[in-house]
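Reviewing the structure listed below.
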Amino acid sequence: MLTDERPTPSARQPSLVGPAPLVPPPDFGPVDRARGWVVTLFVAAIAAITRFTMLGYPTDAGTPVFDEKHYAPQGWQVLTGGWLEDNPGYGLVVHPPIGKQLIAMGEAIFGYNGWGWRFASAMAGTILVLLVIRIVRRLTRSTLIGGLAGILLVADGVTFVSSRLGMLDIFLALFAVAALGCLIVDRDQVRERMARVYAEGRIGDSEWGPRLGVRWWRFGAGIMLGLACGTKWSGVYFIVFFGLLSVAFDVAARRAYGVRRPWFGAGVRDIGPALYALVVVPLFVYLASYWAWFASETGVDRHAVGNEIGTGGTWSFVPAALRSLWYYSGNVLQFHAGLTNSAGNHHPWESKPWTWPMGLRPMLYYFAEGDHVTGCGASSCVKAVMLIGTPAMWWLALPMLAWALWQSVVRKDWRYATVLTGYGAAFLPWLTTLDRQMYYFYAVALAPFMVMGFALVLGDVLGSARASFERRTTGLLAVCLYAGLVVANFIWLWPILTAVPITPETWQHQLWLPSWR
């Protein structure tokens, strides 16, 4: 219970788990910087090798595969047509431009080929591994656990395959994870500033607590969220969830340092700047992503005002360009809203959100068989690329989530709550639109947060640094065995993640569940 008296240093509690002490220990991030970067860069290099190996393979006779057929041509249009794309098959472009602009950058380097339209995805997948290592390292204050998180993500089939195709979901995952990383660094910096104020004896000067100044990392999170929305509209979900998370961090920090009215203080001092950083900034970044559309004369619905809609009315004071973008966005929303099962839209590989946590219904991106497929050492061969979550992780997702929820609610462990917030933003909103046609690749954005959750669990299995030698040794053995199992499982799946020619019998052995067929 908080009182008007400032806590004394003796009230400090060393534990990082459980309710925040009135005066937290002076712990504002990992201190083994050199070793941390060595581990980070080493694991990220492994990620780069796996992501870039055979990156230009396979293709459909030199053309994109699956939904690359939408985004690779649009990226080429962006590159060659004044950074503007269209989609003549549908009459409108159904996703914002950031992802296509990134694909265009790869095509500018390598041309219109597999390497060109997949290069940006591979870079995003590699950087994603680096970010997860740094985030988990900061969450746990352990370079070892951060490195393990990177290894788990390297061996995750979902992010691996998505890093090797010219589609948008890996970019959404990258920007969402980057935003979370910014907020976690912001949390540490806020507590560092609060500690300085407390040490100077000024924590009680206002019942609301101190002003915290400019928070550039939170501003950076806003930029990342804007880029996420500029890739796919589902980035909006992360704005909502991460905005609440940022406010919760602020309330907890003020409470931890004995601010007399922490909730009111956060409301007065923090919510306004948070709305600016995490709502206004993303909005401006999102609008800026349409710079080429605004500058064009031929963009889809660019001149809707005066043509499709009138120039007068209630909103006539809004610039015509913004009104045209609003009209265009409405058409896109109508397109997405019409992709429902009840309207007759079905796909043999679609899946519903309740199958995503365990990866029960994967996605077949590429399949080839027949006399023209050779290289497996048999008369008949098969090549396939399937989006599959590595079962050694994904099949254990529900127990991991249950443990994370228990730790968050009962133990008040902010680390698990943070990971669950990201996971929830990537997963829960889809449960509100179950009639919509959906696919497993929508789960790409939740995969990094799932891996973070497993890394936290492995940290619990490993045990505290203050535990006995026997306890730590046993925990380390269990952690290493599990990490080895995940890597072995990934290696087993490698042929159907990369289209290595295999026999039909091997192909059948790779399909472990009836729902995989």
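Chain identifiers are assigned as A, B, and so on, following the order in which chains appear in the structure tokens; residues are numbered from 1 within each chain, and ligands are numbered from 1 in order of appearance.
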- [ ] Find the residues near A:Asp460: any atom within 12 Å, counting only C-alpha atoms, skip ones fewer than 3 places away on the same chain, and give them as JSON, numbers by chain.
- [x] {"A": [17, 140, 142, 145, 400, 403, 404, 407, 413, 415, 416, 453, 454, 455, 456, 457, 463, 464, 465, 467, 471, 472, 475, 476, 478, 479]}
Take the residues that were just selected and, keeping N, CA, C and O atoms, output them as a short mmCIF file (atom, residue, chain, number, x, y, z; two decimals), in the first residue's frame.
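As written to disk, part.cif reads:
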data_model
loop_
_atom_site.label_atom_id
_atom_site.label_comp_id
_atom_site.auth_asym_id
_atom_site.auth_seq_id
_atom_site.Cartn_x
_atom_site.Cartn_y
_atom_site.Cartn_z
N VAL A 17 10.54 -10.49 -10.77
CA VAL A 17 9.24 -11.09 -11.00
C VAL A 17 8.34 -10.76 -9.83
O VAL A 17 8.76 -10.74 -8.69
N THR A 140 14.68 -10.30 -20.24
CA THR A 140 15.17 -11.25 -19.24
C THR A 140 16.46 -10.83 -18.58
O THR A 140 16.90 -11.46 -17.61
N SER A 142 19.24 -11.33 -19.85
CA SER A 142 20.08 -12.51 -20.07
C SER A 142 20.43 -12.62 -21.54
O SER A 142 19.54 -12.81 -22.38
N ILE A 145 19.43 -16.25 -22.80
CA ILE A 145 18.03 -16.45 -23.17
C ILE A 145 17.71 -15.69 -24.46
O ILE A 145 16.96 -16.17 -25.31
N MET A 400 2.19 -23.12 -23.33
CA MET A 400 3.01 -21.92 -23.13
C MET A 400 2.15 -20.71 -22.84
O MET A 400 2.44 -19.92 -21.92
N TRP A 403 0.74 -20.89 -19.32
CA TRP A 403 1.76 -20.52 -18.34
C TRP A 403 2.00 -19.01 -18.33
O TRP A 403 2.13 -18.39 -17.27
N ALA A 404 2.05 -18.42 -19.52
CA ALA A 404 2.26 -16.98 -19.62
C ALA A 404 1.11 -16.21 -18.98
O ALA A 404 1.32 -15.20 -18.29
N GLN A 407 1.44 -16.52 -15.18
CA GLN A 407 2.51 -15.67 -14.69
C GLN A 407 2.10 -14.20 -14.72
O GLN A 407 2.46 -13.42 -13.84
N ASP A 413 3.93 -10.79 -13.55
CA ASP A 413 5.19 -10.72 -14.28
C ASP A 413 4.97 -9.88 -15.54
O ASP A 413 4.31 -10.32 -16.49
N ARG A 415 6.90 -9.15 -17.91
CA ARG A 415 7.52 -9.65 -19.13
C ARG A 415 6.55 -10.54 -19.91
O ARG A 415 6.39 -10.39 -21.13
N TYR A 416 5.92 -11.46 -19.21
CA TYR A 416 4.93 -12.31 -19.88
C TYR A 416 3.74 -11.48 -20.36
O TYR A 416 3.21 -11.72 -21.45
N GLY A 453 7.58 -15.86 -25.98
CA GLY A 453 6.97 -16.56 -24.85
C GLY A 453 7.71 -17.84 -24.52
O GLY A 453 7.97 -18.13 -23.34
N PHE A 454 8.09 -18.61 -25.53
CA PHE A 454 8.87 -19.83 -25.28
C PHE A 454 10.21 -19.50 -24.64
O PHE A 454 10.71 -20.23 -23.77
N ALA A 455 10.84 -18.41 -25.08
CA ALA A 455 12.12 -18.03 -24.50
C ALA A 455 11.99 -17.69 -23.02
O ALA A 455 12.84 -18.06 -22.20
N LEU A 456 10.91 -17.02 -22.65
CA LEU A 456 10.68 -16.71 -21.23
C LEU A 456 10.48 -18.00 -20.43
O LEU A 456 10.97 -18.13 -19.30
N VAL A 457 9.74 -18.94 -21.01
CA VAL A 457 9.55 -20.22 -20.34
C VAL A 457 10.88 -20.94 -20.16
O VAL A 457 11.18 -21.50 -19.09
N GLY A 463 16.29 -21.43 -14.62
CA GLY A 463 16.38 -21.07 -13.21
C GLY A 463 17.16 -19.79 -12.97
O GLY A 463 17.88 -19.29 -13.84
N SER A 464 17.03 -19.28 -11.79
CA SER A 464 17.70 -18.04 -11.39
C SER A 464 19.21 -18.24 -11.31
O SER A 464 19.71 -19.34 -11.02
N ALA A 465 19.93 -17.14 -11.54
CA ALA A 465 21.38 -17.19 -11.41
C ALA A 465 21.81 -17.49 -9.97
O ALA A 465 22.94 -17.93 -9.73
N ALA A 467 20.31 -19.76 -8.14
CA ALA A 467 19.95 -21.14 -7.83
C ALA A 467 21.21 -21.98 -7.65
O ALA A 467 22.32 -21.60 -8.03
N ARG A 471 20.67 -27.29 -9.70
CA ARG A 471 19.44 -26.78 -10.32
C ARG A 471 19.73 -26.13 -11.67
O ARG A 471 19.04 -26.37 -12.66
N ARG A 472 20.77 -25.32 -11.73
CA ARG A 472 21.11 -24.64 -12.97
C ARG A 472 21.58 -25.64 -14.03
O ARG A 472 21.24 -25.52 -15.21
N GLY A 475 18.58 -27.52 -15.33
CA GLY A 475 17.79 -26.62 -16.17
C GLY A 475 18.46 -26.37 -17.51
O GLY A 475 17.79 -26.36 -18.56
N LEU A 476 19.78 -26.18 -17.51
CA LEU A 476 20.50 -25.94 -18.76
C LEU A 476 20.41 -27.16 -19.67
O LEU A 476 20.25 -27.02 -20.89
N ALA A 478 17.95 -29.36 -19.79
CA ALA A 478 16.60 -29.41 -20.34
C ALA A 478 16.42 -28.37 -21.45
O ALA A 478 15.82 -28.65 -22.50
N VAL A 479 16.95 -27.17 -21.24
CA VAL A 479 16.84 -26.10 -22.24
C VAL A 479 17.57 -26.49 -23.52
O VAL A 479 17.05 -26.32 -24.64
#
TODO: Would you mind listing what lies within 12 Å of stretch 88-94 of chain A as a ChimeraX atom specification, with only C-alpha atoms counted and same-chain residues fewer than 2 positions away left out?
DONE: /A:69-71,73-75,77,84-86,96-97,99-100,168,230-233,293,299-302,327-337,339
Could you pull the residues within 7 Å of A:Ser515, counting only C-alpha atoms, minus those fewer than 2 positions along the same chain, as a PDB file with C-alpha atoms, in the first residue's frame?
ATOM      1  CA  LEU A 360      -3.197 -27.109 -37.493  1.00  0.00           C
ATOM      2  CA  ARG A 361      -3.961 -25.960 -41.043  1.00  0.00           C
ATOM      3  CA  LEU A 513      -1.645 -34.538 -39.724  1.00  0.00           C
ATOM      4  CA  ARG A 517      -3.139 -32.506 -46.703  1.00  0.00           C
TER       5      ARG A 517
END
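Atom pair atom CA of A:Gln189 / atom CA of A:Leu212 has a distance of 9.5 Å (rounded to one decimal).
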- [ ] Please provide as an NGL selection string all residues within 8 Å of A:Met194, with the sequence filter that same-chain residues fewer than 6 positions apart are discarded (counting only C-alpha atoms).
- [x] :A and (203 or 210 or 212 or 253-254 or 257)
- [ ] Identify which of the residues A:Trp494, A:Ala108, A:Trp263, A:Arg187 lies closest to A:Thr50, counting only C-alpha atoms when measuring atom-to-atom distances.
- [x]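 Closest residue, counting only C-alpha atoms: A:Trp494.
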- [ ] Identify all residues of stretch 159-195 of chain A in alpha helix (DSSP H) (DSSP on the backbone) and supply them as a PyMOL selection string.
- [x] chain A and resi 159-162+169-195
Open item on the list: At a cut-off of 9 Å, using only C-alpha atoms, what residues contact A:Val154? Leave out same-chain residues fewer than 5 positions from it and give the result as a VMD selection string.
Closed with: chain A and resid 43 to 44 46 to 47 50 to 51 125 to 126 129 149 159 to 160 487
